[in-house]
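A.B. asks: First the structure, then my questions, so here it is.
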Amino acid sequence: METPTQGGGAEATSATILGQNVIYDKKADKDFSWETTIAHEISHQWWGDLITLRTWSETWLNESFGTYSDYLYTRFDKGEDEGALALLEKKNSYLREAHERYIRPIVFNRYEHPGQNFDRHTYPKGACALHLLRFILGDKSFFRTLQHFLHKHAFQPVDTHDLKIAVKEATGQNMDWFFEQYIYKPGHPVFDIGYKWDENLAKVQLKVAQIQDFSLGIPVYKMPVIIGITTSKGKVAKKVWIKQKEEMFEFEVNEKPLMVRFDEGNYLLKEWTFDKKMDELLYQLKNDDVIGKMWAASELVKFKGDTLVAEELRERIQNDSFWAVRRSALEALSEVEVDANIELLKKVCEEKNSKVRATALKILGDTKDSKYVSFFKERFNKENSYVAQAEALRSLGKCGDRSQISFLKKAAEMESPRNVINRAADWALKELLKGRQDDEIE
Ligand SMILES: [Zn+2]
């Protein structure tokens, strides 16, 4: 008889059902934590169980709220940086769906099966929309609204219209325009940003253009945004309202800014381009919040060949206190310069965060140089993370050394969460055999 299985988790009134994968060893906890899923499912006691969506097109009232709740847990439990990263990952997860599959309004009744509502618009996009609503309303009003919405409709079905009314009742504000933009229309804003500092006027002139594809029904967005301007005297943050397709904002600034930041605090669900000079990006890489640092690292790839860029990326890889910044700097460095950084890459393969180690192992493997075979085997044997071990195996496969087939076959027998080791070993073996076929063709 087959064992009944449950993939992720699901809510039920007064109880949470969790899949069997929730039981794992300490080693797996580094890379396969279920904490956010558990937080998400618990939050359904309110969002889904205490109040329930009236129709399937309102699924976001369960799932966006559940997803926003698991973000709130991460922010509370792991701090500001991990919280910011969790939100960024949710934004990116939605953006991938927007680019690769479709865009649709979050409340949308054109579906064939209810299950189609359970996509990345319903989970992460809606969660990001809630974060933006919180930014616009302010914390006090936002959480008062949630409380009012829940208590007013306890044990009843609800729809978005009920939420809109709850916002009005709890805050006195009419936020219909917000729902119109983010919940009833598809897409998101895409900004093109640029600025110049005018020495004579002592002003920063910031140009903000919305360049999303309006033909798809995406609106011209209206929203507040915080502009952060850093000079040698410190940072000044100003809130402005974006209302048009193209706008110019002016700020009095007496000296050339070290950094101008659009969306200080990272509240907006957006894509953007912001063409900056190398000096500013280098400053941002070192001094901004973690999201800004990661963005600066990826932008610096444009200055490939500049020794200062490689130097500053190396510095961040070794000294930034947040692992995802170290990883972004590492990824950027791999596009800028690899050969000169082999010793550093090897050192990073032993740093404290498993995801950063895995990235370093991948970059080294991409050299496809068989002289690292023994290094990858050593890392595999010494690693205490399944994910980094899997990367060591893939890198071993990329080296193309056929004497490693038995090592990989043995590794493939190892048990691991989601079979990551087994799948990596299989992939590595295929990679080796692929090399053989190429040789035969020659
Ligand atoms: Zn859920």
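Going through the structure tokens in order, the chains are called A, B, and so on, while each chain numbers its residues from 1 and the ligands are numbered from 1 in the order shown.
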So which bits of segment 140-334 of chain A end up strand (DSSP E) when you DSSP the backbone, as a VMD selection string?

C.D. replies: chain A and resid 156 to 158 190 to 198 203 to 210 223 to 231 234 to 242 246 to 252 259 to 262 271 to 274

A.B. asks: List all protein, DNA and RNA residues that have at least one atom no more than 7 Å from any atom of ligand 1, counting only C-alpha atoms and all ligand atoms, and write them as a list in words.

C.D. replies: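 These are the residues that qualify: Ala10, His40, Glu41, His44, Asn62, Glu63, Gly66 and Thr67 of chain A.
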
A.B. asks: With a distance cut-off of 10 Å and only C-alpha atoms, select the neighbouring residues of segment 350-366 of chain A, excluding the residue or stretch itself and same-chain residues fewer than 2 positions from it, and output the selection as a ChimeraX atom specification.

C.D. replies: /A:30-31,317-318,322-328,330-331,333-335,338-339,341-342,344-348,368-370,372-373,375-376,379,382-399

A.B. asks: Within 9 Å of segment 242-254 of chain A, which residues of segment 155-225 of chain A come that close, and what is the closest atom pair and distance in Å for each? Count only C-alpha atoms and give it as JSON lines.

C.D. replies:
```
{"residue": "A:Trp197", "atom": "CA", "partner": "A:Val253", "partner_atom": "CA", "distance": 8.0}
{"residue": "A:Asp198", "atom": "CA", "partner": "A:Val253", "partner_atom": "CA", "distance": 8.8}
{"residue": "A:Glu199", "atom": "CA", "partner": "A:Asn254", "partner_atom": "CA", "distance": 7.6}
{"residue": "A:Leu201", "atom": "CA", "partner": "A:Glu252", "partner_atom": "CA", "distance": 8.2}
{"residue": "A:Ala202", "atom": "CA", "partner": "A:Asn254", "partner_atom": "CA", "distance": 4.9}
{"residue": "A:Lys203", "atom": "CA", "partner": "A:Glu252", "partner_atom": "CA", "distance": 4.5}
{"residue": "A:Val204", "atom": "CA", "partner": "A:Phe251", "partner_atom": "CA", "distance": 5.1}
{"residue": "A:Gln205", "atom": "CA", "partner": "A:Glu250", "partner_atom": "CA", "distance": 4.6}
{"residue": "A:Leu206", "atom": "CA", "partner": "A:Phe249", "partner_atom": "CA", "distance": 5.1}
{"residue": "A:Lys207", "atom": "CA", "partner": "A:Met248", "partner_atom": "CA", "distance": 4.5}
{"residue": "A:Val208", "atom": "CA", "partner": "A:Glu247", "partner_atom": "CA", "distance": 5.3}
{"residue": "A:Ala209", "atom": "CA", "partner": "A:Glu246", "partner_atom": "CA", "distance": 4.2}
{"residue": "A:Gln210", "atom": "CA", "partner": "A:Lys245", "partner_atom": "CA", "distance": 5.0}
{"residue": "A:Ile211", "atom": "CA", "partner": "A:Lys245", "partner_atom": "CA", "distance": 7.5}
{"residue": "A:Val220", "atom": "CA", "partner": "A:Lys245", "partner_atom": "CA", "distance": 6.1}
{"residue": "A:Tyr221", "atom": "CA", "partner": "A:Lys243", "partner_atom": "CA", "distance": 6.4}
{"residue": "A:Lys222", "atom": "CA", "partner": "A:Lys243", "partner_atom": "CA", "distance": 4.4}
{"residue": "A:Met223", "atom": "CA", "partner": "A:Ile242", "partner_atom": "CA", "distance": 5.3}
{"residue": "A:Pro224", "atom": "CA", "partner": "A:Ile242", "partner_atom": "CA", "distance": 5.9}
{"residue": "A:Val225", "atom": "CA", "partner": "A:Ile242", "partner_atom": "CA", "distance": 7.2}
```

A.B. asks: Would you please work out which residue, of A:Leu282, A:Leu61, A:Ala237, A:Leu146, is nearest to Thr160 of chain A when using only C-alpha atoms?

C.D. replies: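 Among A:Leu282, A:Leu61, A:Ala237, A:Leu146, it is A:Leu61 that comes nearest to Thr160 of chain A.
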
A.B. asks: Using only C-alpha atoms, can you tell me which of A:Pro417, A:Lys276, A:Thr59, A:Ala329 comes closest to Ala297 of chain A?

C.D. replies: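 Selected residue with least distance to Ala297 of chain A: A:Ala329.
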
A.B. asks: Lys302 of chain A: which residues within 9 Å, counting only C-alpha atoms, same-chain residues fewer than 2 positions away excluded, as a PyMOL selection string?

C.D. replies: chain A and resi 278+298-300+304+336

A.B. asks: Which residues of segment 157-273 of chain A come within 7 Å of segment 87-110 of chain A, and for each one, what is the closest pair of atoms and their distance in Å to one decimal, counting only C-alpha atoms, sorted by chain and residue number, as a Markdown table?

C.D. replies:
```
| residue | atom | partner | partner_atom | distance |
| --- | --- | --- | --- | --- |
| A:Ile183 | CA | A:Ile106 | CA | 4.9 |
| A:Tyr184 | CA | A:Pro105 | CA | 5.0 |
| A:Lys185 | CA | A:Pro105 | CA | 4.6 |
| A:Pro186 | CA | A:Pro105 | CA | 4.2 |
| A:Gly187 | CA | A:Ile103 | CA | 5.8 |
| A:Leu269 | CA | A:Lys91 | CA | 6.6 |
```
